[in-house]
file data-v6.csv (CSV, C-alpha atoms and all ligand atoms)
chain,number,residue,atom,x,y,z
A,1,MET,CA,29.0,-10.5,-128.2
A,2,SER,CA,25.5,-9.1,-128.2
A,3,HIS,CA,23.8,-11.8,-126.1
A,4,PRO,CA,24.9,-13.8,-123.1
A,5,SER,CA,25.9,-17.5,-123.8
A,6,PRO,CA,23.3,-20.1,-122.8
A,7,PRO,CA,23.8,-21.1,-119.1
A,8,SER,CA,25.1,-24.6,-120.0
A,9,ALA,CA,27.8,-24.6,-117.3
A,10,THR,CA,25.2,-24.2,-114.5
A,11,ARG,CA,22.7,-26.7,-115.9
A,12,GLU,CA,21.7,-29.8,-114.0
A,13,LEU,CA,23.6,-32.4,-116.0
A,14,ARG,CA,22.2,-35.5,-114.2
A,15,VAL,CA,19.7,-37.6,-116.2
A,16,GLU,CA,17.4,-40.1,-114.5
A,17,TYR,CA,14.7,-42.5,-115.7
A,18,GLY,CA,12.0,-39.9,-114.7
A,19,ASP,CA,13.5,-37.6,-117.4
A,20,VAL,CA,13.0,-40.4,-120.0
A,21,GLN,CA,9.3,-40.7,-118.9
A,22,ALA,CA,8.9,-36.9,-119.1
A,23,ALA,CA,10.3,-37.0,-122.6
A,24,ARG,CA,7.9,-39.8,-123.5
A,25,ARG,CA,5.0,-37.4,-122.7
A,26,ARG,CA,6.5,-34.6,-124.7
A,27,LEU,CA,7.1,-36.8,-127.7
A,28,ASP,CA,3.7,-38.5,-127.6
A,29,GLY,CA,1.9,-37.7,-130.9
A,30,VAL,CA,5.0,-36.0,-132.3
A,31,VAL,CA,7.3,-38.9,-133.1
A,32,HIS,CA,6.4,-42.3,-134.4
A,33,ARG,CA,6.1,-45.2,-132.0
A,34,THR,CA,8.3,-47.4,-134.3
A,35,PRO,CA,7.5,-51.0,-134.9
A,36,VAL,CA,9.4,-53.9,-133.3
A,37,MET,CA,10.2,-56.6,-135.8
A,38,THR,CA,11.3,-60.2,-135.5
A,39,SER,CA,13.0,-62.6,-138.0
A,40,ARG,CA,12.9,-66.3,-137.6
A,41,THR,CA,15.8,-66.7,-140.0
A,42,PHE,CA,18.0,-64.3,-138.0
A,43,ASP,CA,16.9,-66.0,-134.7
A,44,GLU,CA,18.0,-69.4,-136.1
A,45,ARG,CA,21.2,-68.0,-137.4
A,46,VAL,CA,22.3,-66.4,-134.1
A,47,GLY,CA,20.6,-68.7,-131.6
A,48,ALA,CA,18.5,-66.1,-129.8
A,49,GLN,CA,15.1,-64.5,-129.8
A,50,VAL,CA,15.7,-61.1,-131.2
A,51,PHE,CA,13.5,-58.0,-131.2
A,52,PHE,CA,14.5,-55.2,-133.6
A,53,LYS,CA,13.3,-51.7,-132.7
A,54,CYS,CA,13.1,-50.1,-136.1
A,55,GLU,CA,14.2,-46.4,-135.8
A,56,ASN,CA,15.0,-46.5,-139.5
A,57,LEU,CA,11.2,-45.9,-139.8
A,58,GLN,CA,11.3,-42.9,-137.4
A,59,ARG,CA,10.5,-39.4,-138.7
A,60,THR,CA,13.7,-38.0,-140.5
A,61,GLY,CA,14.8,-41.7,-140.8
A,62,ALA,CA,16.6,-42.0,-137.4
A,63,PHE,CA,16.0,-41.8,-133.7
A,64,LYS,CA,17.6,-38.3,-133.4
A,65,ILE,CA,14.3,-36.5,-133.6
A,66,ARG,CA,13.5,-37.9,-130.1
A,67,GLY,CA,16.4,-36.1,-128.4
A,68,GLY,CA,16.3,-33.0,-130.7
A,69,TYR,CA,12.6,-32.3,-130.1
A,70,ASN,CA,12.9,-33.0,-126.4
A,71,ALA,CA,15.7,-30.5,-126.1
A,72,VAL,CA,14.2,-27.7,-128.2
A,73,HIS,CA,10.9,-28.1,-126.4
A,74,GLN,CA,12.4,-27.3,-123.1
A,75,LEU,CA,14.1,-24.1,-124.0
A,76,SER,CA,12.9,-20.9,-122.3
A,77,PRO,CA,10.6,-18.6,-124.3
A,78,GLN,CA,13.5,-16.2,-124.9
A,79,GLN,CA,15.7,-18.9,-126.2
A,80,LYS,CA,13.0,-20.2,-128.5
A,81,GLU,CA,12.5,-16.6,-129.8
A,82,ARG,CA,16.1,-16.3,-130.7
A,83,GLY,CA,16.5,-19.7,-132.2
A,84,VAL,CA,18.8,-22.8,-132.1
A,85,LEU,CA,22.0,-23.9,-133.8
A,86,THR,CA,23.8,-27.1,-134.3
A,87,TYR,CA,26.7,-28.4,-136.3
A,88,SER,CA,26.2,-31.8,-138.0
A,89,SER,CA,26.3,-33.3,-141.5
A,90,GLY,CA,24.1,-36.1,-140.5
A,91,ASN,CA,20.9,-37.2,-138.8
A,92,HIS,CA,21.1,-34.7,-135.9
A,93,ALA,CA,21.0,-31.8,-138.4
A,94,GLN,CA,17.7,-33.0,-139.8
A,95,ALA,CA,16.3,-33.7,-136.3
A,96,ILE,CA,17.0,-30.1,-135.1
A,97,ALA,CA,15.6,-28.7,-138.4
A,98,LEU,CA,12.4,-30.6,-138.0
A,99,ALA,CA,12.1,-30.0,-134.2
A,100,GLY,CA,12.5,-26.2,-135.0
A,101,ARG,CA,9.8,-26.3,-137.6
A,102,LEU,CA,7.4,-28.2,-135.4
A,103,LEU,CA,8.0,-25.9,-132.4
A,104,GLY,CA,8.2,-22.6,-134.4
A,105,VAL,CA,11.8,-22.1,-133.5
A,106,ASP,CA,14.3,-20.9,-136.1
A,107,ALA,CA,17.1,-23.4,-136.7
A,108,THR,CA,20.5,-22.7,-138.1
A,109,ILE,CA,22.6,-25.7,-139.1
A,110,VAL,CA,26.3,-25.5,-139.8
A,111,MET,CA,27.3,-28.1,-142.4
A,112,PRO,CA,30.4,-28.7,-144.5
A,113,GLU,CA,30.1,-27.4,-148.0
A,114,ASN,CA,30.9,-30.8,-149.4
A,115,ALA,CA,28.1,-32.5,-147.6
A,116,PRO,CA,25.9,-34.6,-149.9
A,117,GLU,CA,23.4,-32.4,-151.8
A,118,VAL,CA,20.6,-34.6,-150.6
A,119,LYS,CA,21.4,-33.9,-147.0
A,120,LEU,CA,21.8,-30.1,-147.6
A,121,ASN,CA,18.5,-30.1,-149.4
A,122,ALA,CA,16.7,-32.3,-146.8
A,123,THR,CA,17.8,-29.9,-144.0
A,124,ARG,CA,16.7,-26.8,-146.0
A,125,GLY,CA,13.5,-28.6,-146.8
A,126,TYR,CA,12.6,-28.6,-143.1
A,127,GLY,CA,13.0,-24.8,-143.2
A,128,ALA,CA,16.4,-24.5,-141.5
A,129,GLU,CA,19.0,-22.0,-142.5
A,130,VAL,CA,22.1,-23.9,-143.6
A,131,VAL,CA,25.4,-22.2,-143.1
A,132,THR,CA,28.2,-24.0,-145.1
A,133,TYR,CA,31.9,-23.9,-144.4
A,134,ASP,CA,35.1,-25.2,-146.0
A,135,PRO,CA,36.1,-28.2,-143.8
A,136,GLU,CA,39.8,-27.7,-144.9
A,137,GLU,CA,39.9,-24.2,-143.4
A,138,THR,CA,37.3,-24.1,-140.6
A,139,VAL,CA,36.7,-26.0,-137.4
A,140,ARG,CA,33.0,-26.5,-137.2
A,141,GLU,CA,32.8,-26.1,-133.4
A,142,ASP,CA,34.5,-22.7,-133.6
A,143,LEU,CA,32.3,-21.5,-136.3
A,144,GLY,CA,29.2,-22.9,-134.5
A,145,ARG,CA,30.1,-21.2,-131.2
A,146,LYS,CA,30.9,-17.9,-133.0
A,147,LEU,CA,27.6,-17.8,-134.8
A,148,ALA,CA,25.7,-18.8,-131.7
A,149,ASP,CA,27.3,-16.0,-129.7
A,150,GLU,CA,26.8,-13.4,-132.5
A,151,ARG,CA,23.2,-14.3,-133.1
A,152,GLY,CA,22.2,-15.3,-129.5
A,153,LEU,CA,21.3,-18.8,-130.6
A,154,THR,CA,21.2,-21.8,-128.3
A,155,LEU,CA,23.5,-24.6,-129.3
A,156,ILE,CA,21.9,-28.1,-129.2
A,157,PRO,CA,24.8,-30.6,-129.3
A,158,PRO,CA,24.2,-34.1,-130.8
A,159,TYR,CA,24.7,-36.2,-127.7
A,160,ASP,CA,26.3,-34.6,-124.7
A,161,HIS,CA,23.2,-32.9,-123.3
A,162,PRO,CA,20.7,-34.2,-120.6
A,163,ASP,CA,17.6,-33.5,-122.6
A,164,VAL,CA,19.0,-35.1,-125.7
A,165,VAL,CA,19.9,-38.2,-123.7
A,166,ALA,CA,16.5,-38.4,-122.1
A,167,GLY,CA,14.8,-38.1,-125.5
A,168,GLN,CA,16.9,-40.9,-127.1
A,169,GLY,CA,16.1,-43.1,-124.1
A,170,THR,CA,12.4,-43.2,-125.2
A,171,ALA,CA,13.3,-45.6,-128.0
A,172,GLY,CA,14.5,-48.2,-125.4
A,173,ASP,CA,11.6,-47.4,-123.2
A,174,GLU,CA,9.1,-48.1,-125.9
A,175,LEU,CA,10.9,-51.4,-126.7
A,176,PHE,CA,10.7,-52.7,-123.1
A,177,GLU,CA,7.1,-51.6,-122.8
A,178,GLU,CA,6.3,-53.6,-125.9
A,179,VAL,CA,8.2,-56.8,-125.4
A,180,GLY,CA,8.7,-57.0,-121.6
A,181,ASP,CA,11.8,-58.4,-120.0
A,182,LEU,CA,15.0,-58.8,-122.0
A,183,ASP,CA,18.2,-60.6,-121.2
A,184,ALA,CA,20.3,-58.2,-123.2
A,185,LEU,CA,20.0,-55.0,-125.1
A,186,LEU,CA,22.4,-54.0,-127.9
A,187,VAL,CA,22.6,-50.4,-128.9
A,188,CYS,CA,24.5,-48.6,-131.8
A,189,LEU,CA,27.1,-46.3,-130.3
A,190,GLY,CA,28.6,-43.0,-131.5
A,191,GLY,CA,28.8,-40.3,-128.8
A,192,GLY,CA,26.6,-42.3,-126.4
A,193,GLY,CA,23.3,-40.4,-126.4
A,194,LEU,CA,21.3,-43.3,-127.6
A,195,LEU,CA,23.2,-45.9,-125.4
A,196,SER,CA,23.0,-44.0,-122.2
A,197,GLY,CA,19.4,-43.1,-122.6
A,198,CYS,CA,18.4,-46.7,-123.4
A,199,ALA,CA,20.5,-47.9,-120.5
A,200,LEU,CA,18.4,-45.8,-118.2
A,201,ALA,CA,15.3,-47.4,-119.6
A,202,ALA,CA,16.8,-50.9,-119.3
A,203,ARG,CA,17.7,-50.3,-115.6
A,204,HIS,CA,14.1,-49.4,-114.9
A,205,HIS,CA,12.3,-52.1,-116.8
A,206,ALA,CA,14.8,-55.0,-116.5
A,207,PRO,CA,17.5,-54.4,-113.9
A,208,ASP,CA,19.3,-57.6,-114.8
A,209,CYS,CA,19.4,-56.9,-118.6
A,210,THR,CA,22.9,-56.8,-120.0
A,211,VAL,CA,23.3,-53.5,-121.8
A,212,ILE,CA,26.0,-53.5,-124.5
A,213,GLY,CA,27.1,-50.6,-126.8
A,214,VAL,CA,28.4,-51.5,-130.3
A,215,GLU,CA,30.8,-49.3,-132.2
A,216,PRO,CA,32.8,-49.7,-135.4
A,217,GLU,CA,36.3,-51.3,-135.0
A,218,ALA,CA,38.1,-48.2,-136.4
A,219,GLY,CA,36.3,-46.0,-133.9
A,220,ASP,CA,36.9,-48.0,-130.8
A,221,ASP,CA,37.3,-45.0,-128.4
A,222,GLY,CA,34.2,-46.0,-126.5
A,223,ALA,CA,35.4,-49.5,-125.8
A,224,ARG,CA,38.8,-48.2,-124.7
A,225,SER,CA,37.2,-45.5,-122.6
A,226,PHE,CA,35.0,-48.1,-121.0
A,227,ARG,CA,37.8,-50.5,-120.2
A,228,THR,CA,40.1,-47.8,-118.8
A,229,SER,CA,37.4,-45.6,-117.2
A,230,GLU,CA,39.2,-42.7,-118.8
A,231,LEU,CA,38.0,-40.8,-121.8
A,232,GLN,CA,39.8,-41.9,-124.9
A,233,SER,CA,39.5,-40.4,-128.4
A,234,VAL,CA,39.7,-41.3,-132.1
A,235,HIS,CA,40.2,-38.6,-134.7
A,236,ASN,CA,38.0,-39.0,-137.8
A,237,PRO,CA,37.9,-42.9,-137.8
A,238,ASP,CA,37.9,-44.6,-141.2
A,239,THR,CA,34.6,-46.6,-141.2
A,240,VAL,CA,31.4,-46.9,-143.3
A,241,ALA,CA,29.4,-46.2,-140.1
A,242,ASP,CA,29.4,-42.4,-140.7
A,243,GLY,CA,27.0,-41.8,-137.8
A,244,ALA,CA,29.5,-43.2,-135.4
A,245,ARG,CA,32.6,-41.2,-136.5
A,246,THR,CA,32.4,-39.2,-133.2
A,247,PRO,CA,35.8,-38.5,-131.6
A,248,TYR,CA,34.8,-39.4,-128.0
A,249,LEU,CA,31.9,-40.1,-125.7
A,250,GLY,CA,30.4,-37.0,-124.1
A,251,PRO,CA,32.6,-35.9,-121.2
A,252,GLU,CA,29.7,-34.1,-119.3
A,253,VAL,CA,26.8,-36.4,-119.6
A,254,THR,CA,27.1,-39.6,-121.7
A,255,PHE,CA,30.5,-41.0,-120.5
A,256,PRO,CA,29.5,-40.9,-116.8
A,257,LEU,CA,26.2,-42.6,-117.6
A,258,VAL,CA,27.9,-45.2,-119.7
A,259,LEU,CA,30.3,-46.0,-116.8
A,260,GLU,CA,27.4,-46.3,-114.4
A,261,TYR,CA,24.8,-48.2,-116.3
A,262,VAL,CA,26.4,-50.0,-119.3
A,263,ASP,CA,27.8,-53.6,-119.0
A,264,ASP,CA,30.1,-53.7,-122.0
A,265,ILE,CA,31.1,-52.1,-125.2
A,266,VAL,CA,32.1,-54.2,-128.2
A,267,THR,CA,33.3,-53.5,-131.8
A,268,VAL,CA,32.4,-54.8,-135.2
A,269,SER,CA,34.2,-54.7,-138.5
A,270,ASP,CA,33.0,-52.7,-141.5
A,271,ASP,CA,32.7,-56.0,-143.4
A,272,ALA,CA,30.4,-57.4,-140.7
A,273,LEU,CA,28.4,-54.1,-140.9
A,274,ILE,CA,27.8,-54.4,-144.6
A,275,ARG,CA,26.9,-58.1,-144.4
A,276,THR,CA,24.4,-57.4,-141.7
A,277,MET,CA,23.0,-54.4,-143.6
A,278,HIS,CA,22.6,-56.7,-146.6
A,279,PHE,CA,20.8,-59.3,-144.6
A,280,VAL,CA,18.4,-56.8,-143.1
A,281,TRP,CA,17.6,-55.3,-146.5
A,282,GLU,CA,17.2,-58.6,-148.3
A,283,ARG,CA,15.5,-60.8,-145.6
A,284,MET,CA,13.7,-58.3,-143.4
A,285,LYS,CA,12.9,-55.7,-146.2
A,286,GLN,CA,14.2,-52.9,-144.1
A,287,VAL,CA,16.3,-50.1,-145.5
A,288,ILE,CA,19.0,-49.4,-142.9
A,289,GLU,CA,22.2,-47.4,-143.0
A,290,PRO,CA,25.6,-48.8,-142.0
A,291,THR,CA,25.5,-47.1,-138.6
A,292,GLY,CA,22.0,-48.5,-138.1
A,293,ALA,CA,23.4,-52.0,-138.5
A,294,LEU,CA,26.0,-51.8,-135.7
A,295,ALA,CA,23.9,-53.5,-132.9
A,296,ALA,CA,22.6,-56.3,-135.1
A,297,ALA,CA,26.1,-56.9,-136.5
A,298,ALA,CA,27.4,-57.8,-133.1
A,299,LEU,CA,25.0,-60.7,-133.0
A,300,ASN,CA,25.2,-61.6,-136.7
A,301,ASP,CA,29.0,-61.7,-136.6
A,302,GLY,CA,29.2,-63.7,-133.3
A,303,VAL,CA,30.8,-60.9,-131.3
A,304,VAL,CA,28.0,-61.3,-128.9
A,305,GLU,CA,26.7,-64.9,-128.4
A,306,GLY,CA,22.9,-65.5,-128.7
A,307,ASP,CA,22.9,-68.2,-126.0
A,308,GLY,CA,19.1,-68.8,-126.4
A,309,ARG,CA,18.4,-65.4,-124.8
A,310,ARG,CA,15.8,-62.7,-125.4
A,311,ILE,CA,17.7,-59.8,-127.0
A,312,GLY,CA,16.7,-56.3,-128.0
A,313,VAL,CA,18.5,-54.6,-130.9
A,314,ILE,CA,18.1,-50.9,-131.6
A,315,VAL,CA,18.2,-50.4,-135.4
A,316,SER,CA,19.1,-46.7,-135.2
A,317,GLY,CA,18.6,-45.3,-138.7
A,318,GLY,CA,18.0,-45.8,-142.4
A,319,ASN,CA,19.5,-42.7,-144.2
A,320,VAL,CA,21.7,-44.0,-147.0
A,321,ASP,CA,21.2,-43.3,-150.6
A,322,LEU,CA,20.7,-46.2,-153.0
A,323,GLU,CA,23.9,-45.7,-155.0
A,324,ARG,CA,26.0,-45.7,-151.8
A,325,ALA,CA,24.2,-48.9,-150.6
A,326,ALA,CA,24.8,-50.6,-153.9
A,327,THR,CA,28.5,-49.7,-153.8
A,328,LEU,CA,28.8,-51.1,-150.3
A,329,PHE,CA,27.0,-54.4,-151.3
A,330,GLU,CA,29.5,-54.7,-154.2
A,331,LYS,CA,32.3,-55.0,-151.7
A,332,ILE,CA,31.0,-58.2,-150.2
A,333,ARG,CA,30.0,-60.1,-153.3
A,401,LIG,C1,23.8,-40.5,-134.3
A,401,LIG,C2,23.6,-41.9,-134.7
A,401,LIG,C3,24.1,-43.0,-133.9
A,401,LIG,C4,24.9,-42.7,-132.7
A,401,LIG,O1,24.2,-42.1,-131.7
A,401,LIG,P1,25.0,-41.5,-130.4
A,401,LIG,O2,23.9,-40.9,-129.6
A,401,LIG,O3,25.9,-40.4,-130.9
A,401,LIG,O4,25.7,-42.6,-129.8
A,401,LIG,C5,23.8,-44.2,-134.3
A,401,LIG,N1,23.1,-44.5,-135.4
A,401,LIG,C6,22.6,-43.5,-136.2
A,401,LIG,C7,21.8,-43.9,-137.4
A,401,LIG,C8,22.8,-42.2,-135.8
A,401,LIG,O5,22.3,-41.2,-136.6

call {"tool": "encode", "arguments": {"input": "data-v6.csv", "output": "structure tokens"}}
result
Amino acid sequence: MSHPSPPSATRELRVEYGDVQAARRRLDGVVHRTPVMTSRTFDERVGAQVFFKCENLQRTGAFKIRGGYNAVHQLSPQQKERGVLTYSSGNHAQAIALAGRLLGVDATIVMPENAPEVKLNATRGYGAEVVTYDPEETVREDLGRKLADERGLTLIPPYDHPDVVAGQGTAGDELFEEVGDLDALLVCLGGGGLLSGCALAARHHAPDCTVIGVEPEAGDDGARSFRTSELQSVHNPDTVADGARTPYLGPEVTFPLVLEYVDDIVTVSDDALIRTMHFVWERMKQVIEPTGALAAAALNDGVVEGDGRRIGVIVSGGNVDLERAATLFEKIR
């Protein structure tokens, strides 16, 4: 090993609302302040006044640039000089690639060799070095750690990191700033970076707001962990919500925050996800990906009742290619 590992074990892992505010300042002028949309048809259907925070319109097509940029920005000059690394086949890869380009930091992204060509190309397009591996033979975490050690790169994980969480929370912060008090906030849930960050914002702006995470039925590790207060896992869940195929909530940062600040975690079926995605495409003219439909689907499918309340919904991303969307829509015809 030619370089010492990053001092992750000694880092301050606590995240507070002040960290979300600090992230807002770092991200100002870098990420989009995404629009908040409403739909009278949706409101009538679910019996609530719903505010959709459209992170599908964020740079790179998902909220992940918020946390990625906030994390890379705060590295030491030496760490920036050496570069960053992450492993992801999804939206976090593009976020770290873009954050690296914007901050002049070399980014290395470990991706499976069978990842969709569009994703490999998009990531390379932001100037990142893509290292591919055979998913049958290699465990990505092992390869990622080995490369990071060999090259002295700092690993930026997709959710279980204080600066990533604080950055993701800025999406919720902007929503509350724009629409004021909310009775409930629904957030798409994978590893819990977005949910725990947005919960911090909710606790600050609207202490009585009910904060609910929504995950796919097949990947219900979060709901079970929440109920039992013990971290549960699901290996490679079979769901169309590919951004939420995370095995467990983050043991260091996100799970403790979820236990402290979140009121409930619910699940939705793939069928409900596709129907909701279809509604949002057709009626609201927004291109959203299956994972991005999680929070809205909880209302649309009646898992969470509207009850005439003011409800915020984070629409987390819009990265899905047209052929895949068409195939999904075929399933519900
Ligand atoms: C990553 C991702 C999620 C899940 O976010 P976590 O912070 O892992 O909970 C949800 N939706 C989209 C579109 C994502 O890319």

call {"tool": "residues_near_ligand", "arguments": {"input": "data-v6.csv", "ligand": "ligand LIG 401 (chain A)", "cutoff": "6 Å", "atoms": "all atoms listed in the file", "output": "count of residues only"}}
result
16

call {"tool": "residues_around", "arguments": {"input": "data-v6.csv", "residues": "segment 107-124 of chain A", "least_positions_apart": "6", "cutoff": "10 Å", "atoms": "only C-alpha atoms", "output": "PyMOL selection string"}}
result
chain A and resi 60+72+80+82-101+130-136+138-141+143-144+147-148+153-155+319+321

call {"tool": "closest_atom_pairs", "arguments": {"input": "data-v6.csv", "of": "segment 192-256 of chain A", "to": "segment 261-267 of chain A", "cutoff": "12 Å", "atoms": "all atoms listed in the file", "output": "CSV"}}
result
residue,atom,partner,partner_atom,distance
A:Gly192,CA,A:Val262,CA,10.5
A:Leu194,CA,A:Val262,CA,11.8
A:Leu195,CA,A:Val262,CA,8.0
A:Ser196,CA,A:Tyr261,CA,7.5
A:Gly197,CA,A:Tyr261,CA,9.7
A:Cys198,CA,A:Val262,CA,9.6
A:Ala199,CA,A:Tyr261,CA,6.0
A:Leu200,CA,A:Tyr261,CA,7.1
A:Ala201,CA,A:Tyr261,CA,10.1
A:Ala202,CA,A:Tyr261,CA,9.0
A:Arg203,CA,A:Tyr261,CA,7.4
A:His204,CA,A:Tyr261,CA,10.9
A:Pro207,CA,A:Tyr261,CA,9.9
A:Asp208,CA,A:Asp263,CA,10.3
A:Cys209,CA,A:Asp263,CA,9.0
A:Thr210,CA,A:Asp263,CA,5.9
A:Val211,CA,A:Asp263,CA,5.3
A:Ile212,CA,A:Asp264,CA,4.8
A:Gly213,CA,A:Ile265,CA,4.6
A:Val214,CA,A:Val266,CA,5.0
A:Glu215,CA,A:Thr267,CA,4.9
A:Pro216,CA,A:Thr267,CA,5.3
A:Glu217,CA,A:Thr267,CA,4.9
A:Ala218,CA,A:Thr267,CA,8.5
A:Gly219,CA,A:Thr267,CA,8.3
A:Asp220,CA,A:Thr267,CA,6.6
A:Asp221,CA,A:Ile265,CA,10.0
A:Gly222,CA,A:Ile265,CA,7.0
A:Ala223,CA,A:Ile265,CA,5.1
A:Arg224,CA,A:Ile265,CA,8.6
A:Ser225,CA,A:Ile265,CA,9.4
A:Phe226,CA,A:Ile265,CA,7.0
A:Arg227,CA,A:Ile265,CA,8.5
A:Thr228,CA,A:Ile265,CA,11.9
A:Ser229,CA,A:Asp264,CA,11.9
A:Thr239,CA,A:Thr267,CA,11.7
A:Ala241,CA,A:Thr267,CA,11.7
A:Ala244,CA,A:Thr267,CA,11.6
A:Thr254,CA,A:Tyr261,CA,10.4
A:Phe255,CA,A:Val262,CA,10.0
A:Pro256,CA,A:Tyr261,CA,8.7

call {"tool": "write_last_selection", "arguments": {"input": "data-v6.csv", "atoms": "C-alpha atoms", "output": "JSON list (two decimals), keeping the file's coordinate frame"}}
result
[["chain", "number", "residue", "atom", "x", "y", "z"],
["A", 192, "GLY", "CA", 26.60, -42.30, -126.40],
["A", 194, "LEU", "CA", 21.30, -43.30, -127.60],
["A", 195, "LEU", "CA", 23.20, -45.90, -125.40],
["A", 196, "SER", "CA", 23.00, -44.00, -122.20],
["A", 197, "GLY", "CA", 19.40, -43.10, -122.60],
["A", 198, "CYS", "CA", 18.40, -46.70, -123.40],
["A", 199, "ALA", "CA", 20.50, -47.90, -120.50],
["A", 200, "LEU", "CA", 18.40, -45.80, -118.20],
["A", 201, "ALA", "CA", 15.30, -47.40, -119.60],
["A", 202, "ALA", "CA", 16.80, -50.90, -119.30],
["A", 203, "ARG", "CA", 17.70, -50.30, -115.60],
["A", 204, "HIS", "CA", 14.10, -49.40, -114.90],
["A", 207, "PRO", "CA", 17.50, -54.40, -113.90],
["A", 208, "ASP", "CA", 19.30, -57.60, -114.80],
["A", 209, "CYS", "CA", 19.40, -56.90, -118.60],
["A", 210, "THR", "CA", 22.90, -56.80, -120.00],
["A", 211, "VAL", "CA", 23.30, -53.50, -121.80],
["A", 212, "ILE", "CA", 26.00, -53.50, -124.50],
["A", 213, "GLY", "CA", 27.10, -50.60, -126.80],
["A", 214, "VAL", "CA", 28.40, -51.50, -130.30],
["A", 215, "GLU", "CA", 30.80, -49.30, -132.20],
["A", 216, "PRO", "CA", 32.80, -49.70, -135.40],
["A", 217, "GLU", "CA", 36.30, -51.30, -135.00],
["A", 218, "ALA", "CA", 38.10, -48.20, -136.40],
["A", 219, "GLY", "CA", 36.30, -46.00, -133.90],
["A", 220, "ASP", "CA", 36.90, -48.00, -130.80],
["A", 221, "ASP", "CA", 37.30, -45.00, -128.40],
["A", 222, "GLY", "CA", 34.20, -46.00, -126.50],
["A", 223, "ALA", "CA", 35.40, -49.50, -125.80],
["A", 224, "ARG", "CA", 38.80, -48.20, -124.70],
["A", 225, "SER", "CA", 37.20, -45.50, -122.60],
["A", 226, "PHE", "CA", 35.00, -48.10, -121.00],
["A", 227, "ARG", "CA", 37.80, -50.50, -120.20],
["A", 228, "THR", "CA", 40.10, -47.80, -118.80],
["A", 229, "SER", "CA", 37.40, -45.60, -117.20],
["A", 239, "THR", "CA", 34.60, -46.60, -141.20],
["A", 241, "ALA", "CA", 29.40, -46.20, -140.10],
["A", 244, "ALA", "CA", 29.50, -43.20, -135.40],
["A", 254, "THR", "CA", 27.10, -39.60, -121.70],
["A", 255, "PHE", "CA", 30.50, -41.00, -120.50],
["A", 256, "PRO", "CA", 29.50, -40.90, -116.80]]

call {"tool": "atom_distance", "arguments": {"input": "data-v6.csv", "atom1": "atom CA of Arg145 of chain A", "atom2": "atom CA of Gly250 of chain A"}}
result
17.3 Å

call {"tool": "atom_distance", "arguments": {"input": "data-v6.csv", "atom1": "atom CA of Val315 of chain A", "atom2": "atom CA of Gly169 of chain A"}}
result
13.6 Å

call {"tool": "closest_residue", "arguments": {"input": "data-v6.csv", "among": "A:Ser39, A:Gln78, A:Gln21, A:Thr327", "to": "Ala166 of chain A", "atoms": "only C-alpha atoms"}}
result
A:Gln21

call {"tool": "residues_around", "arguments": {"input": "data-v6.csv", "residues": "Gly180 of chain A", "least_positions_apart": "3", "cutoff": "9 Å", "atoms": "only C-alpha atoms", "output": "list in words"}}
result
Leu175, Phe176, Glu177, His205 and Ala206 of chain A

call {"tool": "atom_distance", "arguments": {"input": "data-v6.csv", "atom1": "atom CA of Pro162 of chain A", "atom2": "atom CA of Gly125 of chain A"}}
result
27.7 Å
